[in-house]
file run.cif (mmCIF, C-alpha atoms)
data_query
loop_
_atom_site.group_PDB
_atom_site.id
_atom_site.type_symbol
_atom_site.label_atom_id
_atom_site.label_comp_id
_atom_site.auth_asym_id
_atom_site.auth_seq_id
_atom_site.Cartn_x
_atom_site.Cartn_y
_atom_site.Cartn_z
ATOM 1 C CA MET A 1 25.120 -28.542 -43.010
ATOM 2 C CA SER A 2 25.120 -28.623 -39.280
ATOM 3 C CA ASP A 3 26.735 -25.186 -39.164
ATOM 4 C CA SER A 4 23.704 -23.579 -40.723
ATOM 5 C CA THR A 5 21.271 -25.344 -38.441
ATOM 6 C CA PRO A 6 20.248 -22.950 -35.713
ATOM 7 C CA HIS A 7 20.589 -24.471 -32.255
ATOM 8 C CA TRP A 8 17.282 -24.445 -30.460
ATOM 9 C CA TYR A 9 19.018 -24.564 -27.097
ATOM 10 C CA ASP A 10 21.969 -22.776 -25.567
ATOM 11 C CA ASP A 11 23.944 -23.034 -22.336
ATOM 12 C CA ASP A 12 21.026 -21.581 -20.408
ATOM 13 C CA ALA A 13 19.095 -24.711 -21.181
ATOM 14 C CA GLY A 14 21.396 -26.599 -18.809
ATOM 15 C CA PRO A 15 23.005 -29.942 -19.457
ATOM 16 C CA VAL A 16 21.572 -31.883 -22.366
ATOM 17 C CA VAL A 17 21.919 -35.078 -20.355
ATOM 18 C CA ARG A 18 19.467 -34.981 -17.481
ATOM 19 C CA LEU A 19 21.454 -34.980 -14.267
ATOM 20 C CA TYR A 20 20.121 -38.161 -12.800
ATOM 21 C CA ALA A 21 20.855 -40.059 -15.992
ATOM 22 C CA MET A 22 24.439 -39.956 -14.694
ATOM 23 C CA THR A 23 23.374 -41.777 -11.559
ATOM 24 C CA ALA A 24 21.069 -44.307 -13.213
ATOM 25 C CA GLY A 25 18.128 -42.485 -11.707
ATOM 26 C CA ARG A 26 19.321 -42.628 -8.111
ATOM 27 C CA ALA A 27 18.903 -39.478 -6.083
ATOM 28 C CA ARG A 28 20.320 -40.806 -2.794
ATOM 29 C CA PRO A 29 23.731 -42.313 -2.161
ATOM 30 C CA SER A 30 23.888 -45.852 -0.784
ATOM 31 C CA SER A 31 26.090 -44.628 2.061
ATOM 32 C CA GLU A 32 25.523 -41.871 4.590
ATOM 33 C CA ALA A 33 29.253 -41.193 4.692
ATOM 34 C CA PHE A 34 29.267 -38.143 2.481
ATOM 35 C CA ASP A 35 28.888 -35.199 4.787
ATOM 36 C CA LEU A 36 29.840 -31.883 3.141
ATOM 37 C CA MET A 37 33.128 -31.925 5.060
ATOM 38 C CA ALA A 38 33.854 -35.657 4.833
ATOM 39 C CA VAL A 39 37.333 -35.941 3.344
ATOM 40 C CA VAL A 40 37.657 -38.117 0.259
ATOM 41 C CA ARG A 41 40.859 -39.437 -1.240
ATOM 42 C CA ALA A 42 41.537 -41.823 -4.086
ATOM 43 C CA GLN A 43 42.951 -45.175 -3.056
ATOM 44 C CA PRO A 44 46.584 -45.425 -4.036
ATOM 45 C CA ARG A 45 47.025 -48.198 -6.552
ATOM 46 C CA GLU A 46 49.426 -49.655 -9.047
ATOM 47 C CA ALA A 47 49.134 -48.592 -12.645
ATOM 48 C CA GLY A 48 46.886 -50.952 -14.550
ATOM 49 C CA GLU A 49 45.553 -52.492 -11.357
ATOM 50 C CA VAL A 50 42.079 -51.073 -11.838
ATOM 51 C CA ASP A 51 40.029 -51.188 -14.966
ATOM 52 C CA GLU A 52 38.878 -47.595 -15.180
ATOM 53 C CA THR A 53 36.843 -48.267 -18.273
ATOM 54 C CA VAL A 54 34.054 -49.557 -16.059
ATOM 55 C CA LEU A 55 33.724 -46.077 -14.590
ATOM 56 C CA SER A 56 31.575 -43.412 -16.170
ATOM 57 C CA PRO A 57 33.287 -40.230 -17.386
ATOM 58 C CA GLU A 58 31.846 -38.367 -14.401
ATOM 59 C CA GLN A 59 33.147 -40.986 -11.955
ATOM 60 C CA ARG A 60 36.589 -40.784 -13.553
ATOM 61 C CA GLU A 61 36.511 -37.014 -13.190
ATOM 62 C CA LEU A 62 35.600 -37.208 -9.506
ATOM 63 C CA LEU A 63 38.339 -39.771 -8.944
ATOM 64 C CA ALA A 64 40.858 -37.475 -10.642
ATOM 65 C CA LEU A 65 39.753 -34.579 -8.421
ATOM 66 C CA CYS A 66 40.677 -36.466 -5.250
ATOM 67 C CA SER A 67 43.788 -38.214 -6.586
ATOM 68 C CA ARG A 68 46.385 -35.542 -5.961
ATOM 69 C CA GLU A 69 45.232 -34.473 -2.529
ATOM 70 C CA PRO A 70 42.403 -35.307 -0.157
ATOM 71 C CA ARG A 71 39.403 -33.030 -0.464
ATOM 72 C CA PRO A 72 36.047 -32.653 1.241
ATOM 73 C CA VAL A 73 32.893 -33.645 -0.613
ATOM 74 C CA ALA A 74 31.810 -30.013 -1.000
ATOM 75 C CA GLU A 75 35.015 -29.072 -2.787
ATOM 76 C CA ILE A 76 34.834 -32.052 -5.132
ATOM 77 C CA ALA A 77 31.272 -31.064 -6.009
ATOM 78 C CA SER A 78 32.254 -27.443 -6.566
ATOM 79 C CA ASP A 79 35.252 -28.324 -8.753
ATOM 80 C CA SER A 80 33.307 -30.844 -10.801
ATOM 81 C CA GLY A 81 30.465 -28.420 -11.456
ATOM 82 C CA LEU A 82 28.005 -31.209 -10.714
ATOM 83 C CA PRO A 83 25.277 -30.773 -8.116
ATOM 84 C CA LEU A 84 26.038 -32.103 -4.659
ATOM 85 C CA GLY A 85 23.331 -34.775 -4.778
ATOM 86 C CA VAL A 86 24.711 -36.259 -7.988
ATOM 87 C CA VAL A 87 28.268 -36.168 -6.636
ATOM 88 C CA ARG A 88 27.219 -38.025 -3.493
ATOM 89 C CA VAL A 89 25.668 -40.848 -5.502
ATOM 90 C CA LEU A 90 28.697 -41.163 -7.765
ATOM 91 C CA LEU A 91 31.094 -41.078 -4.797
ATOM 92 C CA SER A 92 29.155 -43.815 -3.061
ATOM 93 C CA ASP A 93 29.656 -45.963 -6.177
ATOM 94 C CA LEU A 94 33.395 -45.249 -6.032
ATOM 95 C CA LEU A 95 33.428 -46.150 -2.337
ATOM 96 C CA THR A 96 31.643 -49.432 -2.995
ATOM 97 C CA ALA A 97 34.123 -50.167 -5.799
ATOM 98 C CA GLY A 98 37.013 -49.566 -3.412
ATOM 99 C CA GLN A 99 38.344 -46.653 -5.445
ATOM 100 C CA ILE A 100 38.210 -44.050 -2.674
ATOM 101 C CA ARG A 101 38.469 -43.737 1.075
ATOM 102 C CA VAL A 102 36.307 -41.411 3.149
ATOM 103 C CA SER A 103 37.184 -39.969 6.533
ATOM 104 C CA ARG A 104 34.306 -38.817 8.617
ATOM 105 C CA PRO A 105 34.501 -35.177 9.678
ATOM 106 C CA VAL A 106 35.733 -34.537 13.180
ATOM 107 C CA PRO A 107 32.770 -34.341 15.590
ATOM 108 C CA PRO A 108 31.882 -30.740 16.505
ATOM 109 C CA ALA A 109 32.744 -31.171 20.184
ATOM 110 C CA GLN A 110 36.324 -32.018 19.254
ATOM 111 C CA LEU A 111 36.760 -29.368 16.594
ATOM 112 C CA PRO A 112 38.072 -26.292 18.282
ATOM 113 C CA ASP A 113 41.216 -27.806 19.732
ATOM 114 C CA ALA A 114 43.122 -24.788 21.015
ATOM 115 C CA ARG A 115 46.266 -25.673 19.103
ATOM 116 C CA ILE A 116 44.385 -26.028 15.812
ATOM 117 C CA LEU A 117 42.538 -22.763 16.335
ATOM 118 C CA ARG A 118 45.859 -21.032 16.982
ATOM 119 C CA GLU A 119 47.147 -22.472 13.686
ATOM 120 C CA VAL A 120 44.050 -21.180 11.910
ATOM 121 C CA ILE A 121 44.429 -17.698 13.364
ATOM 122 C CA ASN A 122 48.125 -17.540 12.504
ATOM 123 C CA GLY A 123 47.370 -18.838 9.018
ATOM 124 C CA LEU A 124 44.701 -16.174 8.486
ATOM 125 C CA ARG A 125 47.058 -13.451 9.672
ATOM 126 C CA ALA A 126 49.679 -14.643 7.191
ATOM 127 C CA LEU A 127 47.294 -14.600 4.218
ATOM 128 C CA MET B 128 29.167 -47.020 7.044
ATOM 129 C CA ASP B 129 31.471 -49.917 7.879
ATOM 130 C CA SER B 130 33.536 -49.059 4.833
ATOM 131 C CA VAL B 131 34.328 -45.678 6.340
ATOM 132 C CA ARG B 132 37.691 -46.072 7.967
ATOM 133 C CA SER B 133 39.439 -44.161 10.645
ATOM 134 C CA ASP B 134 43.015 -43.990 9.516
ATOM 135 C CA PRO B 135 45.535 -42.169 11.688
ATOM 136 C CA SER B 136 47.376 -41.113 8.531
ATOM 137 C CA ASP B 137 44.246 -39.279 7.369
ATOM 138 C CA SER B 138 45.352 -36.058 8.944
ATOM 139 C CA PHE B 139 43.699 -33.600 6.566
ATOM 140 C CA LEU B 140 41.332 -31.376 8.509
ATOM 141 C CA ALA B 141 38.576 -29.392 6.810
ATOM 142 C CA LEU B 142 36.876 -26.742 8.942
ATOM 143 C CA LYS B 143 33.585 -25.161 7.974
ATOM 144 C CA ILE B 144 32.574 -21.552 8.526
ATOM 145 C CA LEU B 145 29.192 -20.196 7.500
ATOM 146 C CA VAL B 146 28.593 -16.694 6.186
ATOM 147 C CA ALA B 147 25.000 -15.644 6.715
ATOM 148 C CA GLY B 148 22.999 -12.439 6.548
ATOM 149 C CA GLY B 149 20.239 -10.791 4.630
ATOM 150 C CA PHE B 150 20.069 -10.374 0.878
ATOM 151 C CA GLY B 151 22.615 -7.778 -0.250
ATOM 152 C CA ALA B 152 24.461 -7.665 3.080
ATOM 153 C CA GLY B 153 27.720 -8.625 1.342
ATOM 154 C CA LYS B 154 28.003 -12.401 1.809
ATOM 155 C CA THR B 155 29.351 -13.029 -1.674
ATOM 156 C CA THR B 156 31.697 -10.053 -1.360
ATOM 157 C CA LEU B 157 33.142 -11.310 1.926
ATOM 158 C CA VAL B 158 33.673 -14.882 0.713
ATOM 159 C CA GLY B 159 35.280 -13.491 -2.451
ATOM 160 C CA SER B 160 37.607 -11.102 -0.662
ATOM 161 C CA VAL B 161 39.234 -13.722 1.572
ATOM 162 C CA SER B 162 39.123 -16.863 -0.548
ATOM 163 C CA GLU B 163 39.027 -18.179 -4.047
ATOM 164 C CA ILE B 164 35.284 -18.157 -4.537
ATOM 165 C CA ARG B 165 33.355 -20.556 -6.718
ATOM 166 C CA PRO B 166 29.802 -21.801 -6.833
ATOM 167 C CA LEU B 167 28.604 -25.012 -5.233
ATOM 168 C CA SER B 168 25.373 -26.210 -6.718
ATOM 169 C CA THR B 169 22.868 -28.458 -5.055
ATOM 170 C CA GLU B 170 19.711 -29.994 -6.399
ATOM 171 C CA GLU B 171 17.010 -29.546 -3.849
ATOM 172 C CA GLN B 172 13.444 -30.637 -3.512
ATOM 173 C CA LEU B 173 11.075 -27.800 -4.213
ATOM 174 C CA THR B 174 9.244 -26.818 -1.089
ATOM 175 C CA GLU B 175 5.747 -25.462 -0.902
ATOM 176 C CA ALA B 176 7.225 -22.034 -0.285
ATOM 177 C CA GLY B 177 9.138 -22.222 -3.548
ATOM 178 C CA ARG B 178 6.198 -23.138 -5.719
ATOM 179 C CA PRO B 179 4.886 -19.656 -6.475
ATOM 180 C CA ILE B 180 8.364 -18.569 -7.495
ATOM 181 C CA ASP B 181 9.557 -21.496 -9.575
ATOM 182 C CA ARG B 182 7.200 -21.680 -12.509
ATOM 183 C CA LEU B 183 6.081 -25.220 -12.984
ATOM 184 C CA ASP B 184 3.789 -24.669 -15.967
ATOM 185 C CA GLY B 185 4.439 -27.393 -18.458
ATOM 186 C CA VAL B 186 7.049 -29.097 -16.297
ATOM 187 C CA GLU B 187 4.751 -30.716 -13.775
ATOM 188 C CA GLY B 188 7.249 -33.512 -13.258
ATOM 189 C CA LYS B 189 9.872 -31.118 -11.949
ATOM 190 C CA THR B 190 10.244 -31.423 -8.198
ATOM 191 C CA THR B 191 13.801 -30.233 -7.725
ATOM 192 C CA THR B 192 15.505 -26.935 -8.275
ATOM 193 C CA THR B 193 19.155 -26.014 -8.483
ATOM 194 C CA VAL B 194 20.504 -23.793 -5.739
ATOM 195 C CA ALA B 195 23.950 -22.252 -6.107
ATOM 196 C CA MET B 196 25.826 -21.295 -2.957
ATOM 197 C CA ASP B 197 28.970 -19.262 -2.587
ATOM 198 C CA PHE B 198 31.824 -21.480 -1.569
ATOM 199 C CA GLY B 199 35.455 -20.685 -0.895
ATOM 200 C CA ARG B 200 38.597 -22.343 0.398
ATOM 201 C CA ILE B 201 41.390 -20.868 2.480
ATOM 202 C CA SER B 202 44.413 -23.160 2.764
ATOM 203 C CA ILE B 203 46.056 -22.748 6.153
ATOM 204 C CA HIS B 204 48.643 -25.422 5.465
ATOM 205 C CA GLU B 205 48.869 -28.729 3.673
ATOM 206 C CA ASP B 206 46.718 -30.571 6.184
ATOM 207 C CA LEU B 207 44.347 -27.829 7.258
ATOM 208 C CA SER B 208 41.888 -25.783 5.232
ATOM 209 C CA LEU B 209 38.999 -23.502 6.033
ATOM 210 C CA TYR B 210 35.900 -23.706 3.875
ATOM 211 C CA LEU B 211 33.451 -20.841 3.696
ATOM 212 C CA PHE B 212 29.817 -21.389 2.806
ATOM 213 C CA GLY B 213 27.588 -18.462 1.947
ATOM 214 C CA THR B 214 24.208 -19.563 3.223
ATOM 215 C CA PRO B 215 21.361 -18.982 0.811
ATOM 216 C CA GLY B 216 19.385 -16.060 2.141
ATOM 217 C CA GLN B 217 15.894 -16.655 0.864
ATOM 218 C CA ASN B 218 13.399 -18.171 3.266
ATOM 219 C CA ARG B 219 12.621 -21.031 0.945
ATOM 220 C CA PHE B 220 16.137 -22.389 1.391
ATOM 221 C CA TRP B 221 15.991 -22.686 5.185
ATOM 222 C CA PHE B 222 15.866 -26.439 4.884
ATOM 223 C CA MET B 223 19.471 -26.395 3.673
ATOM 224 C CA TRP B 224 20.792 -24.709 6.781
ATOM 225 C CA ASP B 225 20.686 -27.742 9.030
ATOM 226 C CA GLU B 226 23.141 -29.632 6.900
ATOM 227 C CA LEU B 227 25.345 -26.565 6.485
ATOM 228 C CA ALA B 228 25.351 -25.884 10.223
ATOM 229 C CA GLN B 229 26.172 -29.483 11.181
ATOM 230 C CA GLY B 230 29.690 -29.498 12.583
ATOM 231 C CA ALA B 231 30.411 -25.874 11.661
ATOM 232 C CA LEU B 232 33.204 -24.180 13.577
ATOM 233 C CA GLY B 233 31.093 -21.030 13.651
ATOM 234 C CA ALA B 234 29.262 -18.418 11.640
ATOM 235 C CA VAL B 235 29.625 -14.821 10.558
ATOM 236 C CA VAL B 236 26.336 -12.930 10.388
ATOM 237 C CA LEU B 237 26.789 -9.965 8.083
ATOM 238 C CA ALA B 238 24.626 -6.994 8.954
ATOM 239 C CA ASP B 239 23.724 -3.898 6.987
ATOM 240 C CA THR B 240 22.752 -1.141 9.426
ATOM 241 C CA ARG B 241 20.177 0.145 6.952
ATOM 242 C CA ARG B 242 18.349 -3.183 7.206
ATOM 243 C CA LEU B 243 19.371 -4.663 10.532
ATOM 244 C CA GLN B 244 16.200 -6.708 10.788
ATOM 245 C CA ASP B 245 17.330 -8.804 7.807
ATOM 246 C CA CYS B 246 19.822 -10.641 9.986
ATOM 247 C CA PHE B 247 17.374 -11.561 12.771
ATOM 248 C CA PRO B 248 16.537 -14.984 11.274
ATOM 249 C CA ALA B 249 20.213 -15.961 11.075
ATOM 250 C CA ILE B 250 20.906 -14.778 14.635
ATOM 251 C CA ASP B 251 17.888 -16.699 15.956
ATOM 252 C CA TYR B 252 19.020 -19.787 14.103
ATOM 253 C CA PHE B 253 22.572 -19.798 15.463
ATOM 254 C CA GLU B 254 21.495 -18.867 18.991
ATOM 255 C CA HIS B 255 19.003 -21.726 19.178
ATOM 256 C CA ARG B 256 21.539 -24.254 17.923
ATOM 257 C CA GLU B 257 24.319 -22.859 20.107
ATOM 258 C CA ILE B 258 26.613 -22.363 17.144
ATOM 259 C CA PRO B 259 29.299 -19.755 17.914
ATOM 260 C CA PHE B 260 28.757 -16.666 15.774
ATOM 261 C CA ILE B 261 29.788 -13.054 15.512
ATOM 262 C CA VAL B 262 27.988 -10.150 13.890
ATOM 263 C CA ALA B 263 30.043 -8.274 11.308
ATOM 264 C CA VAL B 264 28.581 -4.918 10.362
ATOM 265 C CA ASN B 265 29.419 -4.319 6.729
ATOM 266 C CA CYS B 266 30.157 -0.612 6.522
ATOM 267 C CA PHE B 267 29.221 0.506 3.094
ATOM 268 C CA ASP B 268 30.603 3.879 2.032
ATOM 269 C CA GLY B 269 29.712 6.423 4.660
ATOM 270 C CA ALA B 270 27.342 4.047 6.425
ATOM 271 C CA ARG B 271 29.428 3.802 9.597
ATOM 272 C CA SER B 272 27.114 5.700 11.858
ATOM 273 C CA TYR B 273 26.473 3.162 14.610
ATOM 274 C CA SER B 274 28.709 1.847 17.361
ATOM 275 C CA GLU B 275 29.272 -1.840 18.080
ATOM 276 C CA THR B 276 27.332 -1.368 21.316
ATOM 277 C CA SER B 277 24.293 0.166 19.670
ATOM 278 C CA VAL B 278 24.194 -2.608 17.064
ATOM 279 C CA ALA B 279 24.466 -5.247 19.821
ATOM 280 C CA GLN B 280 21.595 -3.584 21.659
ATOM 281 C CA ALA B 281 19.452 -3.261 18.562
ATOM 282 C CA LEU B 282 19.960 -6.959 17.824
ATOM 283 C CA ASP B 283 19.473 -7.947 21.482
ATOM 284 C CA LEU B 284 22.661 -10.010 21.417
ATOM 285 C CA ASP B 285 24.132 -11.923 24.325
ATOM 286 C CA PRO B 286 26.873 -9.803 25.878
ATOM 287 C CA GLN B 287 29.467 -12.407 24.866
ATOM 288 C CA THR B 288 28.588 -12.234 21.164
ATOM 289 C CA PRO B 289 31.145 -10.009 19.437
ATOM 290 C CA VAL B 290 30.140 -7.263 17.035
ATOM 291 C CA VAL B 291 32.844 -6.104 14.638
ATOM 292 C CA MET B 292 32.865 -3.433 11.967
ATOM 293 C CA CYS B 293 34.177 -4.450 8.553
ATOM 294 C CA ASP B 294 34.387 -3.597 4.916
ATOM 295 C CA ALA B 295 33.633 -6.884 3.188
ATOM 296 C CA ARG B 296 35.308 -5.678 -0.008
ATOM 297 C CA HIS B 297 38.738 -5.637 1.581
ATOM 298 C CA ARG B 298 40.739 -8.736 2.224
ATOM 299 C CA ALA B 299 42.436 -7.386 5.347
ATOM 300 C CA SER B 300 39.072 -6.505 6.852
ATOM 301 C CA GLY B 301 37.569 -9.868 5.904
ATOM 302 C CA LYS B 302 40.533 -11.642 7.507
ATOM 303 C CA GLU B 303 39.979 -9.753 10.761
ATOM 304 C CA VAL B 304 36.340 -10.844 10.744
ATOM 305 C CA LEU B 305 37.340 -14.488 10.403
ATOM 306 C CA ILE B 306 40.017 -14.156 13.089
ATOM 307 C CA SER B 307 37.446 -12.629 15.460
ATOM 308 C CA LEU B 308 35.126 -15.545 14.776
ATOM 309 C CA VAL B 309 37.779 -18.219 15.342
ATOM 310 C CA GLU B 310 38.860 -16.535 18.598
ATOM 311 C CA HIS B 311 35.241 -16.354 19.732
ATOM 312 C CA ALA B 312 34.601 -20.016 18.801
ATOM 313 C CA GLY B 313 37.647 -20.973 20.882
ATOM 314 C CA ARG B 314 36.348 -19.050 23.907
ATOM 315 C CA VAL B 315 32.872 -20.573 23.563
ATOM 316 C CA HIS B 316 34.358 -24.039 23.397
ATOM 317 C CA GLU B 317 36.586 -23.497 26.419
ATOM 318 C CA ASP B 318 33.615 -22.216 28.413
ATOM 319 C CA ARG B 319 31.599 -25.289 27.478
ATOM 320 C CA LEU B 320 34.414 -27.596 28.512
ATOM 321 C CA ALA B 321 34.801 -25.715 31.811
ATOM 322 C CA ALA B 322 31.057 -26.043 32.397
ATOM 323 C CA GLY B 323 31.320 -29.792 31.933
ATOM 324 C CA GLY B 324 29.412 -29.752 28.675
ATOM 325 C CA PRO B 325 28.829 -32.931 26.730
ATOM 326 C CA MET B 326 31.855 -34.476 25.078
ATOM 327 C CA ILE B 327 30.593 -36.291 22.052
#
call {"tool": "encode", "arguments": {"input": "run.cif", "output": "structure tokens"}}
result
Amino acid sequence: MSDSTPHWYDDDAGPVVRLYAMTAGRARPSSEAFDLMAVVRAQPREAGEVDETVLSPEQRELLALCSREPRPVAEIASDSGLPLGVVRVLLSDLLTAGQIRVSRPVPPAQLPDARILREVINGLRAL
Amino acid sequence: MDSVRSDPSDSFLALKILVAGGFGAGKTTLVGSVSEIRPLSTEEQLTEAGRPIDRLDGVEGKTTTTVAMDFGRISIHEDLSLYLFGTPGQNRFWFMWDELAQGALGAVVLADTRRLQDCFPAIDYFEHREIPFIVAVNCFDGARSYSETSVAQALDLDPQTPVVMCDARHRASGKEVLISLVEHAGRVHEDRLAAGGPMI
């Protein structure tokens, strides 16, 4: 029966679940830690140590995205396909729950260390 | 903030480079030629400037709009990656630039010599915030009719600001643009240190 029912919406209609339903209506994270370039990594833990069932599917996905390697907030948002604002709220929940660690980005004045810039240039040449 | 830790083992470094320029100057092309490009979407408050464009009829409760930016990663090695952000060109997205520019290593301003004036806003922005930038003239087929010097003069650039010619479609050319920017950012930083600039 359902096959013959024409869908009144398609992918262009966007997600069926309104975005901020995923964040319980919150549009701002509880922490200011989540700069675009702040590096997030999942806390290493023993199997079975954490009850992941308390996490929402979106939170579990974000956790999985930073489990294998550390990644900046912007990349987690891009890979998850969720808007940045939503990702920040969900990450702040994971931070509060002790599931992730966040490293603040290096302050601009310290960024262009000559050795690091040389590494970047050599890396670009080798691409 | 107290739960944000400084851990010496957290050695992963993520560097941010912005790619700016007028509509159609080749921002998406450049990000795509040197990195694995994907969209980064943000939900933003609608500004007054956006209201005539985003139809609100029947959705009066809607106060945010989704903005998709070009985003790309270049892995230098395990602990060091470059991230490219194509800045949204339309005026109504200016409010996003401050966050994008915060802590950026530098910026590439892509210029199309047929519409040089389109990159004035980006140049003004980076000059005022003292963010190192270079101008990359995207030479579309047969459009290479200006020298670096004449472009620098037309844009009234500081003599130290590099102008490079590129073809944003080609990876090798895009790489050279990024290398020029990183070299320039290094020089700017050294000059600031030598001048006793603030160490934050």
call {"tool": "closest_atom_pairs", "arguments": {"input": "run.cif", "of": "chain A", "to": "chain B", "cutoff": "9 Å", "atoms": "all atoms listed in the file", "output": "Markdown table"}}
result
| residue | atom | partner | partner_atom | distance |
| --- | --- | --- | --- | --- |
| A:Ser31 | CA | B:Met128 | CA | 6.3 |
| A:Glu32 | CA | B:Met128 | CA | 6.8 |
| A:Ala33 | CA | B:Met128 | CA | 6.3 |
| A:Asp35 | CA | B:Glu226 | CA | 8.3 |
| A:Leu36 | CA | B:Leu227 | CA | 7.7 |
| A:Met37 | CA | B:Ala141 | CA | 6.3 |
| A:Ala38 | CA | B:Ala141 | CA | 8.1 |
| A:Val39 | CA | B:Phe139 | CA | 7.5 |
| A:Pro70 | CA | B:Phe139 | CA | 7.1 |
| A:Arg71 | CA | B:Ala141 | CA | 8.2 |
| A:Pro72 | CA | B:Ala141 | CA | 6.9 |
| A:Ala74 | CA | B:Leu167 | CA | 7.3 |
| A:Glu75 | CA | B:Leu167 | CA | 8.0 |
| A:Ala77 | CA | B:Leu167 | CA | 6.7 |
| A:Ser78 | CA | B:Leu167 | CA | 4.6 |
| A:Asp79 | CA | B:Leu167 | CA | 8.2 |
| A:Gly81 | CA | B:Ser168 | CA | 7.3 |
| A:Leu82 | CA | B:Ser168 | CA | 6.9 |
| A:Pro83 | CA | B:Thr169 | CA | 4.5 |
| A:Leu84 | CA | B:Thr169 | CA | 4.8 |
| A:Gly85 | CA | B:Glu170 | CA | 6.2 |
| A:Val86 | CA | B:Glu170 | CA | 8.2 |
| A:Leu95 | CA | B:Ser130 | CA | 7.7 |
| A:Thr96 | CA | B:Ser130 | CA | 8.1 |
| A:Gly98 | CA | B:Ser130 | CA | 9.0 |
| A:Arg101 | CA | B:Val131 | CA | 7.0 |
| A:Val102 | CA | B:Val131 | CA | 5.7 |
| A:Ser103 | CA | B:Arg132 | CA | 6.3 |
| A:Arg104 | CA | B:Val131 | CA | 7.2 |
| A:Pro105 | CA | B:Ala141 | CA | 7.6 |
| A:Val106 | CA | B:Gly230 | CA | 7.9 |
| A:Pro107 | CA | B:Gly230 | CA | 6.5 |
| A:Pro108 | CA | B:Gly230 | CA | 4.7 |
| A:Ala109 | CA | B:Ile327 | CA | 5.9 |
| A:Gln110 | CA | B:Ile327 | CA | 7.7 |
| A:Leu111 | CA | B:Leu232 | CA | 7.0 |
| A:Pro112 | CA | B:Gly313 | CA | 5.9 |
| A:Asp113 | CA | B:Gly313 | CA | 7.8 |
| A:Ala114 | CA | B:Gly313 | CA | 6.7 |
| A:Ile116 | CA | B:Leu207 | CA | 8.7 |
| A:Leu117 | CA | B:Val309 | CA | 6.7 |
| A:Arg118 | CA | B:Glu310 | CA | 8.5 |
| A:Glu119 | CA | B:Ile203 | CA | 7.6 |
| A:Val120 | CA | B:Ile203 | CA | 6.3 |
| A:Ile121 | CA | B:Ile306 | CA | 5.7 |
| A:Asn122 | CA | B:Ile203 | CA | 8.5 |
| A:Gly123 | CA | B:Ile203 | CA | 5.0 |
| A:Leu124 | CA | B:Lys302 | CA | 6.2 |
| A:Arg125 | CA | B:Lys302 | CA | 7.1 |
| A:Ala126 | CA | B:Ile203 | CA | 8.9 |
| A:Leu127 | CA | B:Lys302 | CA | 8.1 |
call {"tool": "resolve_selection", "arguments": {"input": "run.cif", "expression": "the PyMOL selection byres ((chain A and resi 29) around 9)", "output": "NGL selection string"}}
result
:A and (26-28 or 30-34 or 85-93)
call {"tool": "atom_distance", "arguments": {"input": "run.cif", "atom1": "atom CA of A:Ile76", "atom2": "atom CA of B:Gly148"}}
result
25.7 Å
call {"tool": "axis_aligned_box", "arguments": {"input": "run.cif", "around": "stretch 40-46 of chain A", "padding_each_side": "8 Å", "output": "AutoDock Vina command-line options"}}
result
--center_x 43.5 --center_y -43.9 --center_z -4.4 --size_x 27.8 --size_y 27.5 --size_z 25.3
call {"tool": "atom_distance", "arguments": {"input": "run.cif", "atom1": "atom CA of B:Glu163", "atom2": "atom CA of B:Val291"}}
result
23.1 Å
call {"tool": "residues_around", "arguments": {"input": "run.cif", "residues": "stretch 241-243 of chain B", "least_positions_apart": "3", "cutoff": "12 Å", "atoms": "only C-alpha atoms", "output": "PDB file with C-alpha atoms, keeping the file's coordinate frame"}}
result
ATOM      1  CA  GLY B 148      22.999 -12.439   6.548  1.00  0.00           C
ATOM      2  CA  GLY B 149      20.239 -10.791   4.630  1.00  0.00           C
ATOM      3  CA  PHE B 150      20.069 -10.374   0.878  1.00  0.00           C
ATOM      4  CA  GLY B 151      22.615  -7.778  -0.250  1.00  0.00           C
ATOM      5  CA  ALA B 152      24.461  -7.665   3.080  1.00  0.00           C
ATOM      6  CA  VAL B 236      26.336 -12.930  10.388  1.00  0.00           C
ATOM      7  CA  LEU B 237      26.789  -9.965   8.083  1.00  0.00           C
ATOM      8  CA  ALA B 238      24.626  -6.994   8.954  1.00  0.00           C
ATOM      9  CA  CYS B 246      19.822 -10.641   9.986  1.00  0.00           C
ATOM     10  CA  PHE B 247      17.374 -11.561  12.771  1.00  0.00           C
ATOM     11  CA  PRO B 248      16.537 -14.984  11.274  1.00  0.00           C
ATOM     12  CA  ALA B 249      20.213 -15.961  11.075  1.00  0.00           C
ATOM     13  CA  ILE B 250      20.906 -14.778  14.635  1.00  0.00           C
ATOM     14  CA  VAL B 262      27.988 -10.150  13.890  1.00  0.00           C
ATOM     15  CA  ALA B 263      30.043  -8.274  11.308  1.00  0.00           C
ATOM     16  CA  VAL B 264      28.581  -4.918  10.362  1.00  0.00           C
ATOM     17  CA  ASN B 265      29.419  -4.319   6.729  1.00  0.00           C
ATOM     18  CA  CYS B 266      30.157  -0.612   6.522  1.00  0.00           C
ATOM     19  CA  PHE B 267      29.221   0.506   3.094  1.00  0.00           C
ATOM     20  CA  GLY B 269      29.712   6.423   4.660  1.00  0.00           C
ATOM     21  CA  ALA B 270      27.342   4.047   6.425  1.00  0.00           C
ATOM     22  CA  ARG B 271      29.428   3.802   9.597  1.00  0.00           C
ATOM     23  CA  SER B 272      27.114   5.700  11.858  1.00  0.00           C
ATOM     24  CA  TYR B 273      26.473   3.162  14.610  1.00  0.00           C
ATOM     25  CA  SER B 277      24.293   0.166  19.670  1.00  0.00           C
ATOM     26  CA  VAL B 278      24.194  -2.608  17.064  1.00  0.00           C
ATOM     27  CA  ALA B 279      24.466  -5.247  19.821  1.00  0.00           C
ATOM     28  CA  GLN B 280      21.595  -3.584  21.659  1.00  0.00           C
ATOM     29  CA  ALA B 281      19.452  -3.261  18.562  1.00  0.00           C
ATOM     30  CA  LEU B 282      19.960  -6.959  17.824  1.00  0.00           C
ATOM     31  CA  ASP B 283      19.473  -7.947  21.482  1.00  0.00           C
TER      32      ASP B 283
END
